[in-house]
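*Asks:* Contents of entry32.txt (compact mmCIF, C-alpha atoms) are below:
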```
# COMPACT_ATOMS: atom_id res chain seq x y z
CA MET A 1239 7.11 46.56 -13.51
CA VAL A 1240 3.35 47.17 -13.33
CA PHE A 1241 3.54 51.00 -13.16
CA ARG A 1242 6.31 51.51 -15.70
CA ARG A 1243 5.40 53.41 -18.87
CA ARG A 1244 4.79 51.04 -21.79
CA ASP A 1245 5.79 53.67 -24.33
CA ARG A 1246 9.15 55.06 -23.29
CA ARG A 1247 9.45 58.67 -24.42
CA PRO A 1248 12.62 59.72 -26.24
CA LEU A 1249 14.74 62.38 -24.54
CA TRP A 1250 13.77 65.12 -27.00
CA ARG A 1251 10.07 64.51 -26.38
CA ALA A 1252 10.46 64.51 -22.60
CA THR A 1253 12.38 67.80 -22.82
CA LEU A 1254 9.74 69.31 -25.10
CA GLU A 1255 6.91 68.29 -22.78
CA LEU A 1256 8.82 69.79 -19.85
CA LEU A 1257 8.81 73.15 -21.65
CA TRP A 1258 5.28 72.74 -23.04
CA PRO A 1259 3.24 69.93 -21.42
CA ARG A 1260 0.85 67.84 -23.46
CA GLY A 1261 -2.44 69.74 -23.50
CA GLY A 1262 -0.74 73.07 -22.70
CA TRP A 1263 0.12 74.85 -19.48
CA GLY A 1264 -3.54 75.58 -18.73
CA ARG A 1265 -4.33 71.88 -18.48
CA ALA A 1266 -1.11 71.29 -16.51
CA ALA A 1267 -2.13 74.03 -14.04
CA GLN A 1268 -5.53 72.37 -13.55
CA TYR A 1269 -3.84 69.03 -12.87
CA VAL A 1270 -1.45 70.56 -10.33
CA LYS A 1271 -4.33 72.38 -8.61
CA HIS A 1272 -6.31 69.14 -8.41
CA ARG A 1273 -3.36 67.22 -6.98
CA VAL A 1274 -2.58 69.91 -4.40
CA ARG A 1275 -6.16 69.96 -3.10
CA ARG A 1276 -6.11 66.17 -2.62
CA LEU A 1277 -2.95 66.17 -0.47
CA PRO A 1278 -3.58 64.50 2.93
CA ASP A 1279 -2.62 67.44 5.16
CA THR A 1280 -4.15 70.48 6.84
CA PRO A 1281 -5.11 73.42 4.59
CA GLU A 1282 -2.66 75.70 6.41
CA LYS A 1283 0.26 73.31 5.99
CA ILE A 1284 -0.51 72.75 2.30
CA ALA A 1285 -0.84 76.51 1.79
CA ARG A 1286 2.55 77.09 3.46
CA GLY A 1287 4.01 74.65 0.94
CA ILE A 1288 2.35 76.60 -1.87
CA TRP A 1289 3.86 79.80 -0.44
CA ALA A 1290 7.32 78.25 -0.55
CA GLY A 1291 6.94 77.01 -4.13
CA VAL A 1292 5.61 80.29 -5.50
CA PHE A 1293 8.32 82.27 -3.71
CA ALA A 1294 11.02 80.00 -5.14
CA SER A 1295 9.74 80.80 -8.64
CA PHE A 1296 10.84 84.43 -8.14
CA THR A 1297 14.48 83.52 -7.54
CA PRO A 1298 17.08 83.52 -10.35
CA PHE A 1299 18.37 80.07 -9.38
CA TYR A 1300 16.85 78.20 -12.33
CA GLY A 1301 17.30 74.47 -11.99
CA LEU A 1302 17.30 74.74 -8.19
CA HIS A 1303 13.72 75.86 -7.60
CA PHE A 1304 12.70 72.41 -6.34
CA PHE A 1305 15.45 72.44 -3.71
CA ILE A 1306 14.74 76.04 -2.65
CA ALA A 1307 11.01 75.32 -2.39
CA ALA A 1308 11.51 72.12 -0.39
CA GLY A 1309 14.00 73.78 1.96
CA THR A 1310 11.72 76.78 2.51
CA ALA A 1311 8.70 74.55 3.09
CA LYS A 1312 10.62 72.53 5.66
CA LEU A 1313 11.62 75.69 7.53
CA MET A 1314 8.01 76.87 7.47
CA ARG A 1315 6.68 73.43 8.44
CA GLY A 1316 4.73 73.33 5.21
CA ASN A 1317 3.86 70.46 2.94
CA ILE A 1318 6.97 69.71 0.86
CA LEU A 1319 5.09 67.98 -1.96
CA ALA A 1320 2.82 71.03 -2.28
CA SER A 1321 5.89 73.26 -2.48
CA LEU A 1322 7.35 71.19 -5.33
CA MET A 1323 4.13 71.33 -7.33
CA ALA A 1324 3.73 75.06 -6.65
CA THR A 1325 7.03 75.79 -8.40
CA PHE A 1326 5.06 75.28 -11.62
CA PHE A 1327 3.81 78.81 -10.95
CA GLY A 1328 7.01 79.67 -12.79
CA ASN A 1329 6.52 78.45 -16.37
CA PRO A 1330 7.04 79.78 -19.92
CA LEU A 1331 3.78 81.72 -19.63
CA THR A 1332 4.79 83.54 -16.41
CA TYR A 1333 8.58 83.82 -16.67
CA LEU A 1334 8.40 87.16 -18.48
CA PRO A 1335 6.21 88.99 -15.91
CA ILE A 1336 8.17 87.36 -13.06
CA ALA A 1337 11.48 88.47 -14.56
CA TRP A 1338 10.18 91.98 -15.26
CA SER A 1339 8.84 92.48 -11.73
CA ALA A 1340 12.02 91.10 -10.12
CA LEU A 1341 14.42 93.08 -12.32
CA ALA A 1342 12.41 96.31 -12.11
CA THR A 1343 12.23 96.05 -8.32
CA GLY A 1344 15.89 95.08 -8.03
CA HIS A 1345 17.21 97.92 -10.16
CA TRP A 1346 14.94 100.33 -8.28
CA LEU A 1347 16.24 99.15 -4.89
CA LEU A 1348 19.85 99.31 -6.09
CA GLY A 1349 19.39 102.72 -7.66
CA THR A 1350 20.35 101.49 -11.13
CA ARG A 1351 18.53 101.69 -14.45
CA LEU A 1352 16.68 98.79 -16.06
CA ASP A 1353 16.97 98.81 -19.83
CA ARG A 1354 13.61 97.80 -21.37
CA ASP A 1355 15.46 96.02 -24.17
CA LEU A 1356 16.82 93.63 -21.55
CA ILE A 1357 13.26 92.31 -21.07
CA GLU A 1358 11.97 92.74 -24.61
CA GLY A 1359 14.60 90.51 -26.18
CA GLY A 1360 17.58 92.70 -26.92
CA GLN A 1361 16.83 95.35 -29.52
CA ARG A 1362 19.08 98.15 -30.80
CA GLY A 1363 22.15 96.05 -30.05
CA VAL A 1364 21.29 95.53 -26.36
CA CYS A 1365 21.93 92.04 -24.99
CA GLY A 1366 18.62 90.66 -23.67
CA ILE A 1367 18.07 88.22 -20.80
CA GLY A 1368 18.53 85.16 -23.03
CA CYS A 1369 21.70 86.65 -24.45
CA GLN A 1370 22.95 87.45 -20.94
CA PHE A 1371 22.36 83.88 -19.76
CA GLY A 1372 24.09 82.57 -22.88
CA ASN A 1373 27.14 84.77 -22.33
CA ALA A 1374 27.35 83.73 -18.69
CA PHE A 1375 27.24 80.00 -19.45
CA GLU A 1376 29.67 80.49 -22.35
CA ASP A 1377 32.11 82.19 -20.00
CA LEU A 1378 31.76 79.41 -17.42
CA TRP A 1379 32.43 76.73 -20.04
CA HIS A 1380 35.31 78.64 -21.64
CA ASN A 1381 36.99 79.30 -18.30
CA PHE A 1382 36.53 75.70 -17.22
CA MET A 1383 38.19 74.47 -20.38
CA ALA A 1384 40.94 77.08 -19.95
CA ILE A 1385 42.09 75.17 -16.87
CA PHE A 1386 43.21 72.33 -19.13
CA THR A 1387 44.39 74.41 -22.12
CA HIS A 1388 46.47 77.50 -22.85
CA GLU A 1389 43.39 79.70 -23.36
CA LYS A 1390 43.03 82.81 -21.20
CA MET A 1391 40.07 83.13 -18.88
CA ASP A 1392 37.48 85.79 -19.75
CA TRP A 1393 34.89 86.87 -17.20
CA ARG A 1394 33.33 89.82 -19.07
CA GLY A 1395 30.08 88.06 -20.04
CA LEU A 1396 29.62 86.62 -16.57
CA SER A 1397 30.41 89.96 -14.93
CA GLN A 1398 27.85 91.77 -17.10
CA PHE A 1399 25.27 89.06 -16.38
CA TYR A 1400 25.86 89.39 -12.63
CA ASP A 1401 25.63 93.21 -12.62
CA GLU A 1402 22.67 93.62 -14.98
CA VAL A 1403 20.61 90.47 -14.40
CA PHE A 1404 21.51 88.07 -11.58
CA TYR A 1405 22.12 90.41 -8.63
CA PRO A 1406 19.17 92.77 -9.38
CA TYR A 1407 16.97 89.70 -10.02
CA MET A 1408 18.01 88.09 -6.73
CA VAL A 1409 17.46 91.27 -4.70
CA GLY A 1410 14.33 92.38 -6.51
CA GLY A 1411 12.61 88.99 -6.54
CA ILE A 1412 12.19 89.02 -2.75
CA ILE A 1413 9.43 91.64 -2.51
CA PRO A 1414 7.19 90.52 -5.43
CA GLY A 1415 7.91 86.91 -4.44
CA ILE A 1416 6.67 87.48 -0.87
CA VAL A 1417 3.63 89.46 -2.04
CA THR A 1418 2.58 86.92 -4.70
CA ALA A 1419 3.26 83.92 -2.45
CA SER A 1420 1.24 85.50 0.39
CA VAL A 1421 -1.70 86.17 -1.94
CA CYS A 1422 -1.58 82.52 -3.09
CA TYR A 1423 -1.46 81.40 0.56
CA TYR A 1424 -4.54 83.34 1.65
CA LEU A 1425 -6.46 82.29 -1.46
CA SER A 1426 -5.48 78.63 -1.07
CA VAL A 1427 -6.49 78.06 2.56
CA PRO A 1428 -10.29 78.53 2.16
CA VAL A 1429 -10.34 76.75 -1.20
CA ILE A 1430 -8.47 73.71 0.15
CA ARG A 1431 -10.58 73.65 3.33
CA ALA A 1432 -13.83 73.77 1.34
CA TYR A 1433 -12.62 71.03 -0.99
CA GLN A 1434 -11.57 68.80 1.92
CA ASN A 1435 -14.88 69.33 3.75
CA ARG A 1436 -16.82 68.52 0.57
CA ARG A 1437 -14.74 65.40 0.00
CA ARG A 1438 -15.24 64.23 3.60
CA LYS A 1439 -18.99 64.75 3.23
CA ILE A 1440 -19.07 62.66 0.03
CA LEU A 1441 -17.04 59.90 1.71
CA ARG A 1442 -19.38 59.90 4.73
CA GLU A 1443 -22.41 59.59 2.45
CA LYS A 1444 -20.84 56.70 0.55
CA LEU A 1445 -19.93 55.00 3.83
CA ALA A 1446 -23.46 55.44 5.09
CA GLN A 1447 -24.83 53.87 1.88
CA LEU A 1448 -22.51 50.89 2.32
CA LYS A 1449 -23.68 50.41 5.90
CA ASN A 1450 -27.34 50.76 4.94
CA PRO A 1451 -27.74 49.32 1.41
CA ALA A 1452 -31.50 49.12 1.84
CA ASP A 1453 -31.75 52.93 2.16
CA GLY A 1454 -29.84 53.38 -1.09
CA ALA A 1455 -32.18 50.98 -2.90
CA ASP A 1456 -35.33 52.95 -1.94
```
Take the structure in the file and give it back as structure tokens.
*Replies:*
Amino acid sequence: MVFRRRDRRPLWRATLELLWPRGGWGRAAQYVKHRVRRLPDTPEKIARGIWAGVFASFTPFYGLHFFIAAGTAKLMRGNILASLMATFFGNPLTYLPIAWSALATGHWLLGTRLDRDLIEGGQRGVCGIGCQFGNAFEDLWHNFMAIFTHEKMDWRGLSQFYDEVFYPYMVGGIIPGIVTASVCYYLSVPVIRAYQNRRRKILREKLAQLKNPADGAD
């Protein structure tokens, strides 16, 4: 195939670049921004896709952000490709502030207390977010295997994860998600419109030069 990569990346390298792209997340963000601005659609429709992608980044459904963004963009009649690229708003550099804002808002709305150690990595014996996710997945795997063995099911880790992380995250991510996505929408529309107008002007000038080569030679 003409467009197939000549140097096939091993699985470990592809996984590593997914977590930390070649050139860093700053360069990846510039690439995504460039690609979004070049999408062949109206600025408003592209911006609605961006709204959907950014909002999806504030949900606790990791691994499903693409599907949530695409579904939301379709409901909003936004650009689906823009929504998929906008999910990169959630990355290793932004996950911590996103998680903090969602959990803080969620615990506040639910009238519960957010332990700072939950965000800061689990100090003084407190199980942090990573630990909570690990316990939840460990419970799921253990209970799945218990179906085929004589082991007893144990839902304590999953129950703690749901009460302290997942449910507050899901509830609390709505408000900061809407606010941040709306800011990105209103910032994106004029930028995309200006970029498209500038690009059309450049294309018109090039077309005019092709039609009148003598003018370009003077």
*Asks:* What is the distance, in Å and to one decimal place, between CA of Asn1435 in chain A and CA of Ile1288 in chain A?
*Replies:* 19.5 Å
*Asks:* Calculate how many Å separate CA of Val1403 in chain A from CA of Leu1313 in chain A, rounding to one decimal.
*Replies:*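 We find that CA of Val1403 in chain A and CA of Leu1313 in chain A lie 27.9 Å from each other.
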*Asks:* Which distance in Å separates CA of Cys1422 in chain A and CA of Ala1285 in chain A, to one decimal?
*Replies:* 7.8 Å
*Asks:* Might you pull out every residue within 9 Å of range 1290-1300 of chain A, with all atoms listed in the file counted and same-chain residues fewer than 3 positions away left off, and present them as JSON, numbers by chain?
*Replies:* {"A": [1285, 1286, 1287, 1303, 1304, 1305, 1306, 1307, 1308, 1309, 1310, 1311, 1314, 1316, 1318, 1320, 1321, 1322, 1323, 1324, 1325, 1326, 1327, 1328, 1329, 1333, 1336, 1337, 1340, 1403, 1404, 1405, 1407, 1408, 1409, 1410, 1411, 1412, 1414, 1415, 1416, 1417, 1418, 1419, 1420, 1422]}
*Asks:* From the options A:Trp1393, A:Tyr1433, A:Phe1399, A:Trp1379, which residue's atoms come nearest to Leu1277 in chain A, counting all atoms listed in the file?
*Replies:*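 Between A:Trp1393, A:Tyr1433, A:Phe1399, A:Trp1379, the residue approaching Leu1277 in chain A most closely is A:Tyr1433.
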*Asks:* Measuring between all atoms listed in the file, which one of A:Pro1281, A:Gly1301, A:Pro1406, A:Pro1428 shows the shortest distance to Gly1349 in chain A?
*Replies:*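 When distances to Gly1349 in chain A are compared using all atoms listed in the file, the smallest one comes from A:Pro1406.
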